[in-house]
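S.K.: If it helps, the file is called input_12.txt and holds compact mmCIF, C-alpha atoms:
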```
# COMPACT_ATOMS: atom_id res chain seq x y z
CA MET E 1 -12.28 -30.13 4.05
CA THR E 2 -13.76 -26.62 4.15
CA SER E 3 -17.16 -26.28 5.78
CA GLN E 4 -19.88 -24.61 3.75
CA ASN E 5 -20.14 -21.97 6.50
CA THR E 6 -16.40 -21.32 6.80
CA PRO E 7 -15.56 -17.84 5.44
CA GLN E 8 -13.48 -17.85 2.28
CA PHE E 9 -11.65 -14.73 1.16
CA ARG E 10 -9.89 -13.29 -1.89
CA LEU E 11 -7.57 -10.31 -1.90
CA ALA E 12 -8.50 -8.33 -5.01
CA ALA E 13 -5.94 -6.84 -7.36
CA GLU E 14 -5.62 -3.08 -7.06
CA TRP E 15 -6.76 -2.49 -10.66
CA GLU E 16 -10.13 -4.16 -10.05
CA PRO E 17 -13.05 -1.69 -9.67
CA HIS E 18 -13.12 0.23 -6.39
CA GLU E 19 -16.08 1.35 -4.35
CA ALA E 20 -13.84 3.94 -2.69
CA THR E 21 -10.32 4.87 -1.64
CA TRP E 22 -9.49 5.46 2.03
CA LEU E 23 -7.08 8.14 3.22
CA GLY E 24 -6.19 9.71 6.56
CA TRP E 25 -6.04 13.49 6.32
CA PRO E 26 -2.55 14.59 7.48
CA LEU E 27 -2.42 15.44 11.16
CA ASN E 28 0.82 14.28 12.76
CA LYS E 29 3.31 17.06 12.05
CA SER E 30 6.16 14.93 13.37
CA ASP E 31 5.81 12.75 10.27
CA TRP E 32 7.08 15.71 8.19
CA PRO E 33 9.23 17.70 10.64
CA GLY E 34 9.76 21.22 9.35
CA ARG E 35 7.96 20.48 6.04
CA PHE E 36 4.34 19.91 7.03
CA ALA E 37 2.87 23.06 5.42
CA PRO E 38 2.71 21.75 1.81
CA ILE E 39 1.51 18.25 2.74
CA PRO E 40 -2.26 18.96 2.89
CA TRP E 41 -1.99 20.46 -0.60
CA VAL E 42 -0.35 17.31 -1.94
CA TYR E 43 -3.20 15.30 -0.40
CA THR E 44 -5.68 17.68 -2.00
CA GLU E 45 -4.26 16.99 -5.45
CA ILE E 46 -4.39 13.25 -4.86
CA VAL E 47 -7.98 13.35 -3.57
CA LYS E 48 -9.02 15.36 -6.61
CA LYS E 49 -7.66 12.70 -8.99
CA ILE E 50 -9.14 9.83 -6.98
CA SER E 51 -12.60 11.38 -6.62
CA ASP E 52 -12.93 11.66 -10.40
CA GLY E 53 -13.62 7.92 -10.45
CA GLU E 54 -14.70 6.82 -6.97
CA MET E 55 -15.57 8.06 -3.51
CA ALA E 56 -12.75 9.34 -1.33
CA GLN E 57 -13.30 8.24 2.28
CA ILE E 58 -11.22 10.52 4.50
CA ILE E 59 -10.49 9.85 8.16
CA VAL E 60 -10.24 13.03 10.28
CA ALA E 61 -9.62 13.52 13.98
CA ASP E 62 -12.50 15.84 14.82
CA ARG E 63 -14.76 18.62 13.52
CA SER E 64 -11.95 21.18 13.29
CA HIS E 65 -9.72 18.78 11.37
CA GLU E 66 -12.58 18.03 8.97
CA ALA E 67 -13.26 21.73 8.45
CA SER E 68 -9.62 22.30 7.55
CA ALA E 69 -9.71 19.45 5.04
CA ARG E 70 -12.95 20.72 3.50
CA ARG E 71 -11.47 24.20 3.04
CA ALA E 72 -8.41 22.85 1.25
CA LEU E 73 -10.43 20.54 -0.99
CA ARG E 74 -12.95 23.25 -1.84
CA ARG E 75 -10.19 25.71 -2.80
CA ALA E 76 -8.76 23.08 -5.16
CA GLY E 77 -12.12 22.57 -6.85
CA VAL E 78 -12.74 19.07 -5.50
CA ASP E 79 -16.38 17.96 -5.75
CA LEU E 80 -17.22 17.41 -2.07
CA ALA E 81 -20.17 15.24 -3.07
CA ARG E 82 -17.47 12.68 -3.97
CA VAL E 83 -15.89 12.86 -0.51
CA GLU E 84 -17.05 11.42 2.82
CA PHE E 85 -15.47 12.09 6.20
CA LEU E 86 -15.26 9.79 9.23
CA ARG E 87 -14.23 11.27 12.57
CA PHE E 88 -12.04 9.26 14.89
CA LYS E 89 -8.55 9.58 16.27
CA THR E 90 -5.53 8.06 14.58
CA ASP E 91 -1.82 8.22 15.31
CA ARG E 92 -0.44 8.49 11.78
CA GLY E 93 -1.90 9.02 8.32
CA TRP E 94 -0.41 6.07 6.45
CA THR E 95 -3.68 4.35 5.59
CA ARG E 96 -2.12 1.62 3.45
CA ASP E 97 -0.74 0.09 6.63
CA SER E 98 -3.00 1.17 9.47
CA GLY E 99 -6.24 1.52 7.51
CA PRO E 100 -8.82 -1.15 6.70
CA MET E 101 -7.68 -4.14 4.65
CA PHE E 102 -10.66 -5.06 2.52
CA VAL E 103 -11.15 -8.51 1.00
CA ARG E 104 -13.87 -10.09 -1.06
CA ARG E 105 -15.73 -12.74 0.93
CA THR E 106 -16.43 -15.46 -1.64
CA ALA E 107 -18.24 -17.83 0.74
CA PRO E 108 -20.66 -18.24 2.40
CA HIS E 109 -21.62 -14.80 0.98
CA ASN E 110 -20.41 -12.82 -2.01
CA ASP E 111 -19.59 -9.47 -0.45
CA VAL E 112 -16.81 -7.37 1.06
CA ALA E 113 -15.28 -7.82 4.52
CA ILE E 114 -12.46 -6.22 6.53
CA LEU E 115 -9.57 -8.20 7.97
CA ASN E 116 -8.47 -6.88 11.33
CA PHE E 117 -4.77 -7.58 10.96
CA ARG E 118 -2.93 -6.15 13.95
CA PHE E 119 -0.91 -2.98 13.42
CA ASN E 120 2.11 -2.27 15.63
CA ALA E 121 3.59 0.79 13.85
CA TRP E 122 6.03 -1.24 11.78
CA ALA E 123 7.45 -2.79 14.96
CA LYS E 124 9.35 0.47 15.45
CA TYR E 125 7.27 3.32 16.89
CA PRO E 126 5.27 3.60 20.12
CA ASP E 127 2.29 5.50 18.66
CA TRP E 128 -0.15 2.88 17.39
CA LYS E 129 -2.90 2.57 20.02
CA ASN E 130 -5.38 4.66 18.05
CA ASP E 131 -4.37 3.27 14.66
CA VAL E 132 -4.92 -0.31 15.80
CA LYS E 133 -8.63 0.47 16.29
CA THR E 134 -9.14 1.77 12.75
CA HIS E 135 -10.21 -1.53 11.16
CA GLY E 136 -12.98 -2.06 13.69
CA ARG E 137 -14.20 1.53 13.52
CA VAL E 138 -14.43 1.45 9.73
CA ALA E 139 -16.19 -1.94 9.75
CA LYS E 140 -18.76 -0.57 12.19
CA ALA E 141 -19.27 2.60 10.16
CA LEU E 142 -19.82 0.65 6.94
CA GLY E 143 -21.71 -2.24 8.48
CA VAL E 144 -19.40 -4.85 6.93
CA PRO E 145 -18.11 -8.08 8.54
CA LEU E 146 -14.87 -7.88 10.51
CA TYR E 147 -12.53 -10.84 11.02
CA THR E 148 -9.34 -10.98 13.08
CA PRO E 149 -6.71 -13.19 11.41
CA THR E 150 -4.84 -15.39 13.87
CA TYR E 151 -2.24 -18.12 13.69
CA ASN E 152 -2.16 -20.68 16.49
CA GLY E 153 -4.52 -18.39 18.38
CA VAL E 154 -2.28 -15.29 18.14
CA PRO E 155 -3.36 -12.20 16.13
CA VAL E 156 -1.20 -11.70 13.03
CA VAL E 157 0.57 -8.41 12.27
CA LEU E 158 0.44 -7.40 8.60
CA GLU E 159 0.57 -4.06 6.79
CA GLY E 160 -0.92 -3.46 3.37
CA GLY E 161 2.38 -2.12 2.03
CA ALA E 162 4.07 -5.44 2.79
CA ILE E 163 2.12 -7.34 0.14
CA ASP E 164 1.01 -7.03 -3.49
CA THR E 165 -1.22 -9.41 -5.45
CA ASN E 166 -2.35 -10.16 -8.98
CA GLY E 167 -5.83 -11.02 -7.70
CA SER E 168 -5.56 -14.56 -9.07
CA GLY E 169 -3.76 -16.27 -6.22
CA THR E 170 -0.16 -14.98 -6.35
CA LEU E 171 1.31 -12.61 -3.78
CA LEU E 172 4.59 -10.67 -3.64
CA THR E 173 6.37 -9.89 -0.36
CA THR E 174 9.86 -9.72 1.18
CA GLU E 175 11.72 -11.79 3.70
CA GLU E 176 13.19 -8.68 5.30
CA CYS E 177 9.75 -7.40 6.28
CA LEU E 178 7.83 -10.52 7.27
CA LEU E 179 10.47 -13.04 8.35
CA ASP E 180 12.86 -10.78 10.27
CA GLN E 181 13.30 -11.95 13.86
CA LEU E 182 15.92 -9.42 14.98
CA THR E 183 15.20 -5.81 13.95
CA GLN E 184 11.55 -4.94 13.27
CA VAL E 185 9.77 -8.10 14.35
CA ARG E 186 6.12 -8.28 13.34
CA ASN E 187 5.30 -11.88 14.24
CA PRO E 188 7.79 -13.49 16.63
CA GLY E 189 8.44 -17.11 15.77
CA LEU E 190 6.38 -17.27 12.59
CA THR E 191 8.20 -18.95 9.70
CA ARG E 192 7.88 -18.69 5.94
CA SER E 193 5.52 -21.66 5.95
CA ASP E 194 3.44 -20.12 8.75
CA MET E 195 3.01 -16.86 6.83
CA GLU E 196 2.08 -18.74 3.68
CA ASN E 197 -0.63 -20.55 5.66
CA VAL E 198 -1.92 -17.16 6.86
CA PHE E 199 -2.03 -15.87 3.30
CA ARG E 200 -3.81 -19.00 2.11
CA GLU E 201 -6.48 -18.97 4.80
CA TRP E 202 -7.19 -15.24 4.98
CA LEU E 203 -6.29 -13.85 1.55
CA GLY E 204 -6.99 -16.77 -0.79
CA ILE E 205 -3.31 -16.89 -1.85
CA ARG E 206 -1.99 -20.14 -3.34
CA ASN E 207 1.42 -18.93 -4.44
CA VAL E 208 3.88 -16.61 -2.65
CA ILE E 209 6.90 -15.03 -4.33
CA TRP E 210 9.45 -14.08 -1.70
CA LEU E 211 11.94 -11.34 -2.53
CA GLY E 212 14.84 -10.46 -0.25
CA LYS E 213 15.39 -6.93 1.04
CA GLY E 214 13.72 -3.59 0.40
CA ILE E 215 15.23 -0.33 -0.82
CA ALA E 216 17.58 2.01 1.02
CA GLY E 217 15.86 4.47 3.32
CA ASP E 218 12.78 2.30 3.77
CA ASP E 219 11.60 2.91 7.32
CA THR E 220 9.28 -0.10 7.18
CA HIS E 221 12.15 -2.59 6.78
CA GLY E 222 11.31 -4.05 3.41
CA HIS E 223 7.86 -3.12 2.12
CA ILE E 224 7.19 -4.54 -1.34
CA ASP E 225 5.35 -1.42 -2.54
CA ASP E 226 8.63 0.48 -2.91
CA LEU E 227 10.22 -2.39 -4.79
CA CYS E 228 8.08 -4.49 -7.11
CA ARG E 229 4.42 -4.30 -8.16
CA PHE E 230 1.93 -6.18 -10.29
CA VAL E 231 0.40 -4.14 -13.13
CA ASN E 232 -1.67 -7.03 -14.52
CA ARG E 233 -2.11 -10.73 -13.77
CA ASN E 234 1.25 -11.82 -15.18
CA THR E 235 3.33 -8.61 -15.37
CA VAL E 236 5.37 -6.90 -12.67
CA VAL E 237 7.44 -3.75 -12.69
CA MET E 238 10.71 -4.22 -10.81
CA CYS E 239 12.87 -1.34 -9.62
CA THR E 240 16.42 -1.40 -11.00
CA GLU E 241 19.56 0.56 -10.20
CA PRO E 242 22.43 0.30 -12.72
CA ASP E 243 24.88 2.40 -10.65
CA GLU E 244 27.08 -0.16 -8.92
CA LYS E 245 28.07 2.42 -6.30
CA ASP E 246 24.47 2.93 -5.21
CA SER E 247 23.40 0.99 -2.11
CA ASN E 248 20.32 -0.25 -3.97
CA HIS E 249 22.25 -1.85 -6.84
CA LYS E 250 23.09 -5.22 -5.29
CA VAL E 251 19.74 -5.59 -3.48
CA LEU E 252 17.72 -4.90 -6.61
CA CYS E 253 19.86 -7.19 -8.76
CA GLU E 254 19.36 -10.03 -6.28
CA ASN E 255 15.61 -9.44 -6.19
CA LYS E 256 15.36 -9.43 -9.97
CA GLU E 257 17.26 -12.72 -10.08
CA ARG E 258 14.71 -14.23 -7.69
CA LEU E 259 11.85 -12.91 -9.81
CA SER E 260 13.36 -14.41 -12.95
CA GLY E 261 13.11 -17.85 -11.41
CA ALA E 262 9.66 -17.36 -9.90
CA ARG E 263 6.38 -18.69 -11.25
CA LEU E 264 2.76 -17.58 -11.11
CA GLU E 265 -0.05 -19.62 -9.59
CA ASP E 266 -0.55 -21.49 -12.89
CA GLY E 267 3.15 -22.31 -13.26
CA SER E 268 3.85 -19.71 -15.94
CA LYS E 269 6.72 -17.20 -15.85
CA LEU E 270 6.28 -13.57 -14.93
CA ASN E 271 6.71 -10.80 -17.45
CA ILE E 272 9.27 -8.55 -15.71
CA VAL E 273 9.60 -4.92 -16.79
CA ASP E 274 12.34 -2.65 -15.44
CA LEU E 275 11.27 0.49 -13.59
CA PRO E 276 14.03 3.03 -12.90
CA MET E 277 14.89 4.38 -9.50
CA PRO E 278 15.12 8.15 -9.06
CA LEU E 279 18.51 9.56 -8.22
CA PRO E 280 19.22 9.38 -4.47
CA LEU E 281 17.05 11.93 -2.67
CA ILE E 282 18.78 13.23 0.45
CA PHE E 283 17.30 15.63 2.99
CA ASP E 284 18.85 16.64 6.30
CA GLY E 285 21.53 13.98 5.79
CA MET E 286 18.98 11.17 5.37
CA ARG E 287 18.34 9.09 2.26
CA LEU E 288 14.61 9.01 1.62
CA PRO E 289 12.72 6.00 0.20
CA ALA E 290 11.87 7.66 -3.10
CA SER E 291 10.50 5.07 -5.52
CA TYR E 292 8.28 5.10 -8.58
CA ALA E 293 6.90 1.72 -7.49
CA ASN E 294 4.86 3.49 -4.82
CA PHE E 295 2.15 4.32 -7.37
CA TYR E 296 -1.57 3.85 -6.74
CA ILE E 297 -4.06 2.39 -9.23
CA ALA E 298 -7.32 4.32 -8.76
CA ASN E 299 -10.42 3.86 -10.91
CA ALA E 300 -9.80 7.01 -12.94
CA ALA E 301 -5.99 7.20 -13.06
CA ILE E 302 -2.65 5.73 -12.05
CA LEU E 303 -1.07 8.17 -9.59
CA VAL E 304 2.73 8.01 -9.69
CA PRO E 305 5.12 9.86 -7.35
CA THR E 306 7.61 12.10 -9.13
CA PHE E 307 10.75 13.70 -7.74
CA ASN E 308 11.97 16.51 -10.06
CA ASP E 309 14.20 13.83 -11.54
CA PRO E 310 15.28 12.98 -15.12
CA HIS E 311 13.89 9.47 -14.53
CA ASP E 312 10.37 10.79 -13.86
CA ARG E 313 9.62 10.80 -17.59
CA ILE E 314 10.92 7.25 -18.08
CA ALA E 315 8.88 5.89 -15.17
CA LEU E 316 5.68 7.56 -16.35
CA GLY E 317 6.27 6.34 -19.90
CA THR E 318 6.94 2.76 -18.79
CA LEU E 319 3.74 2.59 -16.75
CA SER E 320 1.73 4.26 -19.55
CA GLU E 321 2.78 1.52 -21.96
CA LEU E 322 1.79 -1.23 -19.51
CA ILE E 323 -1.50 0.19 -18.21
CA THR E 324 -3.57 1.56 -21.06
CA ASP E 325 -7.13 1.60 -19.66
CA ARG E 326 -6.64 4.79 -17.58
CA PRO E 327 -4.24 7.74 -17.66
CA VAL E 328 -0.94 7.75 -15.81
CA VAL E 329 -0.56 10.96 -13.80
CA GLY E 330 2.55 12.21 -12.03
CA ILE E 331 2.17 13.68 -8.53
CA HIS E 332 5.00 15.83 -7.15
CA ALA E 333 6.20 13.92 -4.07
CA VAL E 334 9.47 15.51 -2.97
CA ASP E 335 7.80 16.99 0.11
CA LEU E 336 5.61 13.94 0.71
CA VAL E 337 8.50 11.45 0.82
CA TRP E 338 10.08 13.37 3.73
CA GLY E 339 7.42 11.49 5.71
CA LEU E 340 9.09 8.26 4.49
CA GLY E 341 6.21 7.28 2.25
CA THR E 342 4.32 8.51 -0.80
CA ILE E 343 1.09 7.79 -2.71
CA HIS E 344 0.58 4.06 -2.21
CA CYS E 345 1.45 4.37 1.47
CA MET E 346 -1.33 6.93 2.08
CA THR E 347 -4.15 5.18 0.19
CA HIS E 348 -6.10 1.95 0.57
CA GLU E 349 -8.69 0.69 -1.87
CA GLN E 350 -12.16 -0.58 -0.99
CA PRO E 351 -13.15 -3.04 -3.72
CA GLY E 352 -16.54 -2.92 -5.37
CA LYS E 353 -19.31 -5.14 -4.04
CA THR E 354 -19.48 -7.39 -7.08
```
Once more with this new file: its structure as structure tokens, please.
M.R.:
Amino acid sequence: MTSQNTPQFRLAAEWEPHEATWLGWPLNKSDWPGRFAPIPWVYTEIVKKISDGEMAQIIVADRSHEASARRALRRAGVDLARVEFLRFKTDRGWTRDSGPMFVRRTAPHNDVAILNFRFNAWAKYPDWKNDVKTHGRVAKALGVPLYTPTYNGVPVVLEGGAIDTNGSGTLLTTEECLLDQLTQVRNPGLTRSDMENVFREWLGIRNVIWLGKGIAGDDTHGHIDDLCRFVNRNTVVMCTEPDEKDSNHKVLCENKERLSGARLEDGSKLNIVDLPMPLPLIFDGMRLPASYANFYIANAAILVPTFNDPHDRIALGTLSELITDRPVVGIHAVDLVWGLGTIHCMTHEQPGKT
């Protein structure tokens, strides 16, 4: 039985009203080796679209870094009254994963809190010691409650890109990312049931839909936000690849089969809509994780990565038919994806207070 004073949380759907969007202004040139120069300008375009409908909260390393960001934003005509800067060091700029994970605290208070899930750089890279402090620094700056999710007394590792929710109690994720015990191990020893208990206690999730593997080129080892996303309470877009020779074909077919048999929190079926994959995007001999599913639902627009690809138009049209309360806007992401992520990976929403 839950005590009246025990915190209760709900992970809001991305389309619910935002107070702000959080981003980390690009700093680590090694994320885009040899192609860093255009990246701040891509960020500038994204901030401009976001700030039309909410505050853009931008994390910068220091005064000089902030000044550089301000210059770029000003040149692009961004209203700097809609932008706030916070100065503290980070290792990478992928705020979806290392930035604050906001939840609504439904009891004992009706407000917003931050969950201090541990970040370990996707269980792959050594540079995470600054990023892991981000949740606490943001909570202190905003004056909001901070909770550290644990399981059997051990802090839980979880990135925002690993999960997607309809805001009503159902969550999407992959086995490859959260259950792997061999390659990129987030939580050694934790089982499917253990993770579902974590989701229930800390995110208010009653129903978990487990897909299998992520797309080719995904450096995170299976993030859901390159694969399958909710666009409303009962509808998901699911990436598909009809070319049987493509390495994504079998994986995506298997995931769609799982989705077809899945149910929502009320027992109803999902409405599954196909979202195309762009043609394979190769740079320096490496396949990049280009995916239209890495879109971001801001207050004023849906920002969708595009890749100079014939499928760009189809993806934008599909999402426009499904989400009609705000415009769908394509953002050129060929340079951005060289960093192995695009728009959803670099943003994290802060839900409104009510």
S.K.: Go through segment 145-211 of chain E and flag each residue having an atom no more than 9 Å from segment 99-117 of chain E; for those, report the closest pair of atoms plus their distance in Å to one decimal, using only C-alpha atoms, ordered by chain and rising number, as CSV.
M.R.:
```
residue,atom,partner,partner_atom,distance
E:Pro145,CA,E:Ala113,CA,4.9
E:Leu146,CA,E:Ile114,CA,4.9
E:Tyr147,CA,E:Leu115,CA,5.0
E:Thr148,CA,E:Asn116,CA,4.5
E:Pro149,CA,E:Phe117,CA,6.0
E:Thr150,CA,E:Phe117,CA,8.3
E:Pro155,CA,E:Phe117,CA,7.1
E:Val156,CA,E:Phe117,CA,5.8
E:Val157,CA,E:Phe117,CA,5.6
E:Leu158,CA,E:Phe117,CA,5.7
E:Glu159,CA,E:Phe117,CA,7.6
E:Gly160,CA,E:Met101,CA,6.9
E:Trp202,CA,E:Leu115,CA,8.0
E:Leu203,CA,E:Val103,CA,7.2
```
S.K.: With a cut-off of 7 Å, could you pull out the residues of segment 255-335 of chain E touching segment 229-247 of chain E and give me the nearest pair of atoms for each, distance in Å to one decimal, using all atoms listed in the file, ordered by chain and ascending number, as CSV?
M.R.:
```
residue,atom,partner,partner_atom,distance
E:Leu270,CA,E:Asn234,CA,5.3
E:Asn271,CA,E:Thr235,CA,4.5
E:Ile272,CA,E:Val236,CA,5.2
E:Val273,CA,E:Val237,CA,4.8
E:Asp274,CA,E:Met238,CA,5.2
E:Leu275,CA,E:Cys239,CA,4.7
E:Pro276,CA,E:Thr240,CA,5.4
E:Met277,CA,E:Cys239,CA,6.1
E:Ala293,CA,E:Arg229,CA,6.5
E:Ile323,CA,E:Val231,CA,6.9
```
S.K.: I need the residue nearest Gly217 of chain E from this list: E:Ile282, E:Leu322, E:Leu179, E:Leu86. Use only C-alpha atoms for the distance.
M.R.: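 Residue with the minimum atom-to-atom distance to Gly217 of chain E: E:Ile282.
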S.K.: Quick check, in Å to one decimal: how far apart do atom CA of Thr21 of chain E and atom CA of Leu340 of chain E lie?
M.R.: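 Computed distance, atom CA of Thr21 of chain E to atom CA of Leu340 of chain E, equals 20.6 Å.
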S.K.: Considering all atoms listed in the file, state which residue in the set E:Thr324, E:Thr174, E:Gln350, E:Gln57 is at the smallest distance from Arg192 of chain E.
M.R.: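 Using all atoms listed in the file, the shortest distance to Arg192 of chain E belongs to E:Thr174.
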S.K.: How many Å lie between atom CA of Val47 of chain E and atom CA of Val78 of chain E, rounded to one decimal?
M.R.: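 Value for the atom CA of Val47 of chain E-atom CA of Val78 of chain E distance: 7.7 Å.
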S.K.: E:Phe36, E:Trp128, E:Tyr292, E:Phe85: which is nearest Val329 of chain E, counting only C-alpha atoms?
M.R.: E:Tyr292
S.K.: At what distance in Å, to one decimal, does atom CA of Arg200 of chain E lie from atom CA of Leu11 of chain E?
M.R.: 10.3 Å
S.K.: Dig up all the protein and nucleic acid residues within 7 Å of (1.4, 0.5, -1.6) in the file frame, using all atoms listed in the file, and format them as a PDB file with C-alpha atoms, in the coordinates of the input.
M.R.:
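Saved file point34.pdb follows:
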```
ATOM      1  CA  ARG E  96      -2.120   1.620   3.450  1.00  0.00           C
ATOM      2  CA  GLY E 160      -0.920  -3.460   3.370  1.00  0.00           C
ATOM      3  CA  GLY E 161       2.380  -2.120   2.030  1.00  0.00           C
ATOM      4  CA  ASP E 225       5.350  -1.420  -2.540  1.00  0.00           C
ATOM      5  CA  ASN E 294       4.860   3.490  -4.820  1.00  0.00           C
ATOM      6  CA  PHE E 295       2.150   4.320  -7.370  1.00  0.00           C
ATOM      7  CA  TYR E 296      -1.570   3.850  -6.740  1.00  0.00           C
ATOM      8  CA  HIS E 344       0.580   4.060  -2.210  1.00  0.00           C
ATOM      9  CA  CYS E 345       1.450   4.370   1.470  1.00  0.00           C
TER      10      CYS E 345
END
```
S.K.: Choose the residue, out of E:Ala333, E:Val328, E:Leu279, E:Leu252, that has the smallest atom-to-atom separation from Ala300 of chain E; count only C-alpha atoms.
M.R.: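 For Ala300 of chain E, the nearest of the given residues is E:Val328.
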S.K.: Just checking: using all atoms listed in the file, which residue out of E:Val83, E:Glu175, E:Ile224, E:Gly330 ends up closest to Arg313 of chain E?
M.R.: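 Under the stated criterion, the closest residue is E:Gly330.
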S.K.: Give me the residues near Leu80 of chain E as a PDB file with C-alpha atoms, in the coordinates of the input, where near means some atom within 9 Å (using all atoms listed in the file) and where sequence neighbours in that chain fewer than 6 positions away do not count.
M.R.:
```
ATOM      1  CA  SER E  51     -12.600  11.380  -6.620  1.00  0.00           C
ATOM      2  CA  ARG E  70     -12.950  20.720   3.500  1.00  0.00           C
ATOM      3  CA  LEU E  73     -10.430  20.540  -0.990  1.00  0.00           C
ATOM      4  CA  ARG E  74     -12.950  23.250  -1.840  1.00  0.00           C
TER       5      ARG E  74
END
```
S.K.: I'd like the neighbourhood of Ala298 of chain E as a PyMOL selection string, where a residue qualifies if any of its atoms comes within 12 Å (using only C-alpha atoms), though same-chain residues fewer than 6 positions away should be ignored.
M.R.: chain E and resi 13-22+46-56+304+323+325-329+343-344+347-351
